[in-house]
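Asks: Below is the file structure.cif, with mmCIF, C-alpha atoms.
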```cif
data_run
loop_
_atom_site.group_PDB
_atom_site.id
_atom_site.type_symbol
_atom_site.label_atom_id
_atom_site.label_comp_id
_atom_site.auth_asym_id
_atom_site.auth_seq_id
_atom_site.Cartn_x
_atom_site.Cartn_y
_atom_site.Cartn_z
ATOM 1 C CA MET V 12 120.348 180.327 87.717
ATOM 2 C CA LEU V 13 117.826 179.569 84.975
ATOM 3 C CA LYS V 14 119.609 176.280 84.179
ATOM 4 C CA LEU V 15 119.570 175.321 87.855
ATOM 5 C CA CYS V 16 115.870 176.117 88.095
ATOM 6 C CA LEU V 17 115.096 174.049 84.971
ATOM 7 C CA LEU V 18 117.196 171.180 86.307
ATOM 8 C CA PHE V 19 115.309 171.276 89.604
ATOM 9 C CA ILE V 20 111.915 171.296 87.846
ATOM 10 C CA SER V 21 112.972 168.413 85.586
ATOM 11 C CA LEU V 22 114.200 166.316 88.511
ATOM 12 C CA PHE V 23 111.046 167.056 90.491
ATOM 13 C CA THR V 24 108.850 166.070 87.542
ATOM 14 C CA LEU V 25 110.782 162.863 86.920
ATOM 15 C CA SER V 26 110.709 161.886 90.579
ATOM 16 C CA GLY V 27 106.936 162.376 90.591
ATOM 17 C CA CYS V 28 106.571 160.040 87.619
ATOM 18 C CA ALA V 29 108.764 157.397 89.192
ATOM 19 C CA THR V 30 106.584 157.140 92.300
ATOM 20 C CA GLN V 31 103.239 156.777 90.526
ATOM 21 C CA PRO V 32 101.569 153.577 91.714
ATOM 22 C CA LYS V 33 100.827 150.932 89.088
ATOM 23 C CA SER V 34 97.318 149.832 88.243
ATOM 24 C CA VAL V 35 96.267 146.265 88.836
ATOM 25 C CA ILE V 36 94.529 144.646 85.897
ATOM 26 C CA LEU V 37 92.415 141.644 86.808
ATOM 27 C CA ASN V 38 90.311 139.482 84.507
ATOM 28 C CA PRO V 39 88.657 136.756 86.580
ATOM 29 C CA VAL V 40 86.874 134.107 84.539
ATOM 30 C CA TYR V 41 84.729 131.230 85.798
ATOM 31 C CA THR V 42 85.880 128.093 83.970
ATOM 32 C CA SER V 43 84.794 125.257 86.268
ATOM 33 C CA GLY V 44 81.708 124.503 84.171
ATOM 34 C CA LYS V 45 78.575 122.856 85.520
ATOM 35 C CA ILE V 46 79.303 121.348 88.928
ATOM 36 C CA SER V 47 75.863 121.765 90.515
ATOM 37 C CA ASN V 48 72.235 122.405 89.628
ATOM 38 C CA ILE V 49 71.001 125.645 91.155
ATOM 39 C CA ASN V 50 67.719 125.667 89.144
ATOM 40 C CA SER V 51 66.441 129.014 90.448
ATOM 41 C CA VAL V 52 65.578 132.463 89.077
ATOM 42 C CA LEU V 53 67.693 135.112 90.791
ATOM 43 C CA GLN V 54 68.662 138.751 90.827
ATOM 44 C CA ALA V 55 72.440 138.805 91.402
ATOM 45 C CA LYS V 56 74.913 141.543 92.230
ATOM 46 C CA VAL V 57 78.364 142.148 93.688
ATOM 47 C CA VAL V 58 79.106 144.931 96.180
ATOM 48 C CA ASP V 59 82.540 146.128 97.243
ATOM 49 C CA HIS V 60 82.873 146.575 101.017
ATOM 50 C CA ARG V 61 86.667 146.454 101.252
ATOM 51 C CA THR V 62 88.133 148.693 103.925
ATOM 52 C CA THR V 63 91.600 148.817 102.361
ATOM 53 C CA ASN V 64 92.238 150.586 99.102
ATOM 54 C CA PHE V 65 94.865 148.260 97.648
ATOM 55 C CA THR V 66 94.734 145.047 95.682
ATOM 56 C CA ILE V 67 98.472 144.339 95.658
ATOM 57 C CA LYS V 68 100.834 145.697 98.289
ATOM 58 C CA VAL V 69 104.591 145.190 98.228
ATOM 59 C CA LEU V 70 105.815 145.479 101.796
ATOM 60 C CA ASN V 71 109.003 147.420 102.631
ATOM 61 C CA GLN V 72 109.216 149.039 99.212
ATOM 62 C CA GLU V 73 108.471 152.487 97.824
ATOM 63 C CA PRO V 74 105.979 152.896 96.331
ATOM 64 C CA ALA V 75 104.419 150.175 98.428
ATOM 65 C CA VAL V 76 100.849 150.266 97.150
ATOM 66 C CA TYR V 77 99.411 149.375 93.771
ATOM 67 C CA LEU V 78 96.042 150.855 92.972
ATOM 68 C CA PRO V 79 93.139 148.451 92.670
ATOM 69 C CA ASP V 80 91.490 147.777 89.343
ATOM 70 C CA ALA V 81 88.694 150.376 89.343
ATOM 71 C CA SER V 82 86.270 147.916 87.784
ATOM 72 C CA LEU V 83 87.030 145.023 90.161
ATOM 73 C CA PRO V 84 83.414 144.631 91.413
ATOM 74 C CA VAL V 85 82.113 144.642 87.826
ATOM 75 C CA LYS V 86 84.650 142.038 86.719
ATOM 76 C CA ILE V 87 83.908 139.792 89.699
ATOM 77 C CA GLN V 88 80.175 140.271 89.055
ATOM 78 C CA ASN V 89 80.587 139.126 85.438
ATOM 79 C CA ALA V 90 82.425 135.998 86.612
ATOM 80 C CA PHE V 91 79.806 135.469 89.360
ATOM 81 C CA LEU V 92 76.968 135.670 86.828
ATOM 82 C CA ASP V 93 78.811 133.187 84.587
ATOM 83 C CA ALA V 94 79.218 130.819 87.546
ATOM 84 C CA LEU V 95 75.527 131.036 88.423
ATOM 85 C CA THR V 96 74.243 130.583 84.870
ATOM 86 C CA SER V 97 76.723 127.786 84.136
ATOM 87 C CA ASN V 98 75.186 125.935 87.065
ATOM 88 C CA GLY V 99 71.530 126.274 86.095
ATOM 89 C CA ALA V 100 70.487 129.589 87.617
ATOM 90 C CA LYS V 101 68.526 132.038 85.521
ATOM 91 C CA VAL V 102 69.597 135.596 86.327
ATOM 92 C CA LEU V 103 66.914 138.256 85.874
ATOM 93 C CA PRO V 104 67.066 141.813 87.262
ATOM 94 C CA THR V 105 63.340 141.666 88.118
ATOM 95 C CA SER V 106 63.453 138.512 90.260
ATOM 96 C CA ARG V 107 62.278 138.803 93.855
ATOM 97 C CA HIS V 108 64.875 136.214 94.877
ATOM 98 C CA THR V 109 68.266 137.894 95.328
ATOM 99 C CA ILE V 110 71.842 136.834 95.819
ATOM 100 C CA THR V 111 74.526 139.357 96.717
ATOM 101 C CA LEU V 112 78.250 138.683 96.834
ATOM 102 C CA GLN V 113 79.851 141.175 99.216
ATOM 103 C CA ILE V 114 83.620 141.613 98.860
ATOM 104 C CA ASN V 115 84.997 142.301 102.351
ATOM 105 C CA ALA V 116 88.662 141.672 101.517
ATOM 106 C CA PHE V 117 90.527 140.813 98.335
ATOM 107 C CA HIS V 118 94.240 141.533 98.120
ATOM 108 C CA SER V 119 97.759 140.186 97.977
ATOM 109 C CA LYS V 120 100.644 141.235 100.207
ATOM 110 C CA ILE V 121 104.123 140.609 98.853
ATOM 111 C CA THR V 122 107.382 140.320 100.759
ATOM 112 C CA GLU V 123 110.666 140.493 98.897
ATOM 113 C CA SER V 124 114.261 139.781 99.812
ATOM 114 C CA LEU V 125 117.403 139.849 97.693
ATOM 115 C CA THR V 126 116.874 136.257 96.582
ATOM 116 C CA GLN V 127 113.115 135.575 96.578
ATOM 117 C CA HIS V 128 109.579 136.886 96.898
ATOM 118 C CA GLU V 129 106.382 135.564 98.440
ATOM 119 C CA SER V 130 102.841 136.648 97.554
ATOM 120 C CA ASN V 131 100.041 135.919 100.016
ATOM 121 C CA ALA V 132 96.573 136.509 98.573
ATOM 122 C CA VAL V 133 93.426 136.652 100.708
ATOM 123 C CA ALA V 134 89.735 136.711 99.826
ATOM 124 C CA ASP V 135 86.934 137.248 102.342
ATOM 125 C CA TRP V 136 83.476 137.281 100.747
ATOM 126 C CA LEU V 137 79.983 137.181 102.189
ATOM 127 C CA VAL V 138 77.060 135.752 100.220
ATOM 128 C CA ILE V 139 73.631 137.029 101.197
ATOM 129 C CA ALA V 140 70.614 135.394 99.581
ATOM 130 C CA ALA V 141 66.985 136.352 100.153
ATOM 131 C CA ALA V 142 63.934 134.363 99.077
ATOM 132 C CA ASN V 143 60.344 134.125 100.313
ATOM 133 C CA GLY V 144 61.008 136.380 103.304
ATOM 134 C CA ASN V 145 63.984 134.295 104.484
ATOM 135 C CA THR V 146 67.677 135.172 104.419
ATOM 136 C CA PHE V 147 70.770 133.027 103.997
ATOM 137 C CA GLU V 148 74.229 134.396 104.857
ATOM 138 C CA LYS V 149 77.526 132.591 104.585
ATOM 139 C CA ARG V 150 81.110 133.784 104.670
ATOM 140 C CA TYR V 151 83.605 132.298 102.222
ATOM 141 C CA THR V 152 87.325 132.786 102.736
ATOM 142 C CA GLY V 153 90.279 131.704 100.685
ATOM 143 C CA GLN V 154 94.033 132.063 100.532
ATOM 144 C CA SER V 155 96.719 131.526 97.944
ATOM 145 C CA GLN V 156 100.492 131.671 98.263
ATOM 146 C CA ILE V 157 103.140 131.788 95.573
ATOM 147 C CA THR V 158 106.887 132.117 95.902
ATOM 148 C CA GLY V 159 109.590 132.730 93.361
ATOM 149 C CA PRO V 160 113.117 133.932 92.847
ATOM 150 C CA LEU V 161 114.123 137.595 93.010
ATOM 151 C CA LYS V 162 111.414 140.275 92.749
ATOM 152 C CA HIS V 163 107.754 139.581 92.026
ATOM 153 C CA GLU V 164 106.200 139.867 88.587
ATOM 154 C CA GLN V 165 102.941 141.786 88.702
ATOM 155 C CA ALA V 166 101.337 139.606 85.996
ATOM 156 C CA LYS V 167 101.915 136.471 88.108
ATOM 157 C CA VAL V 168 100.309 138.088 91.148
ATOM 158 C CA GLU V 169 97.355 139.200 89.014
ATOM 159 C CA SER V 170 97.043 135.604 87.778
ATOM 160 C CA GLN V 171 97.138 134.416 91.396
ATOM 161 C CA LEU V 172 94.222 136.742 92.243
ATOM 162 C CA ASN V 173 92.283 135.596 89.151
ATOM 163 C CA SER V 174 92.773 131.948 90.199
ATOM 164 C CA LEU V 175 91.666 132.737 93.749
ATOM 165 C CA THR V 176 88.496 134.327 92.337
ATOM 166 C CA LYS V 177 87.736 131.171 90.336
ATOM 167 C CA LYS V 178 88.328 129.016 93.438
ATOM 168 C CA MET V 179 85.984 131.184 95.529
ATOM 169 C CA LEU V 180 83.222 131.184 92.911
ATOM 170 C CA THR V 181 83.495 127.411 92.510
ATOM 171 C CA ARG V 182 83.052 126.974 96.270
ATOM 172 C CA ILE V 183 80.016 129.260 96.286
ATOM 173 C CA VAL V 184 78.116 127.614 93.407
ATOM 174 C CA SER V 185 78.847 124.120 94.749
ATOM 175 C CA ASP V 186 77.721 124.887 98.329
ATOM 176 C CA GLN V 187 74.803 122.530 98.889
ATOM 177 C CA ALA V 188 73.369 124.607 101.772
ATOM 178 C CA LEU V 189 73.177 127.663 99.509
ATOM 179 C CA ILE V 190 71.698 125.635 96.631
ATOM 180 C CA ASN V 191 69.045 124.160 98.940
ATOM 181 C CA PHE V 192 68.116 127.643 100.174
ATOM 182 C CA LEU V 193 67.871 129.041 96.638
ATOM 183 C CA GLN V 194 65.635 126.144 95.602
ATOM 184 C CA GLY V 195 63.355 126.702 98.599
ATOM 185 C CA GLN V 196 64.214 123.485 100.417
#
```
What is this structure when it is put down as structure tokens?
Replies:
Amino acid sequence: MLKLCLLFISLFTLSGCATQPKSVILNPVYTSGKISNINSVLQAKVVDHRTTNFTIKVLNQEPAVYLPDASLPVKIQNAFLDALTSNGAKVLPTSRHTITLQINAFHSKITESLTQHESNAVADWLVIAAANGNTFEKRYTGQSQITGPLKHEQAKVESQLNSLTKKMLTRIVSDQALINFLQGQ
């Protein structure tokens, strides 16, 4: 009876370990360089307004959900600050002119079959800038799709999300309407 009880506890413990969701590790970096001239002093921040709690979700699989990188907003903020400063903005926490990047959606959904997988990444961000009593708001969306043989590799999906971040930041810092607003034009 004792052996049966120990066997049951061991199996229960092992099954609990096997179903632990994996963490997603993202490291977005802005590498597009200087593509515009923002020439403004700003206070910048990133806020996370996602309604879903996953970054990568494998459909029709158990466990289906990977946990998001807990520091995702901080990592995107670091890349956002790099994008702004690389393009002539001076970022100061005391500036009265503000720019906020609001993350509304940022995830990848993966479908797998016996022979291939497909990863569909989506980003939905809102930029809100305020200067001289005026406000500028613009929504930026992006998508990325990768396919491959057999099951997905998490590192490739993470790379896909990092690339999508770079693409989104490049679009934001090169948006002439936003640049004109930040420069008071």
Asks: On this structure, the PyMOL selection byres ((chain V and resi 93) around 10) would catch which residues? List them as a list in words, sorted by chain and number.
Replies: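 For this structure, the PyMOL selection byres ((chain V and resi 93) around 10) resolves to Val40, Tyr41, Thr42, Gly44, Ile87, Gln88, Asn89, Ala90, Phe91, Leu92, Ala94, Leu95, Thr96, Ser97, Asn98, Ala100, Val102 and Leu180 of chain V.
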Asks: Within 6 Å of (97.9, 138.7, 97.9), in the coordinates the file gives, what residues turn up when you count only C-alpha atoms, written out as a list in words?
Replies: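 Answer for this query, in the requested form: His118, Ser119, Lys120, Ser130, Asn131, Ala132 and Val133 of chain V.
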Asks: Counting all atoms listed in the file, figure out which residue out of V:Ser43, V:Asn115, V:Asn173, V:Asn50 gets nearest to Arg150 in chain V.
Replies: V:Asn115
Asks: Evaluate the PyMOL selection byres ((chain V and resi 135) around 7) here and jot the selected residues down as number ranges by chain.
Replies: V: 114-117, 133-134, 136-137, 151-153
Asks: Which residues, written as a VMD selection string, have at least one atom at most 10 Å from Gly144 in chain V, with only C-alpha atoms counted and residues fewer than 2 positions away on the same chain left out?
Replies: chain V and resid 107 to 108 141 to 142 146
Asks: Contacts of Gln165 in chain V at 10 Å or less, counting all atoms listed in the file, minus same-chain residues fewer than 6 places along, as a PyMOL selection string?
Replies: chain V and resi 33-36+67+77+171
Asks: So how many Å separate CA of Ser51 in chain V and CA of Pro84 in chain V, to one decimal?
Replies: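 We find that CA of Ser51 in chain V and CA of Pro84 in chain V lie 23.1 Å from each other.
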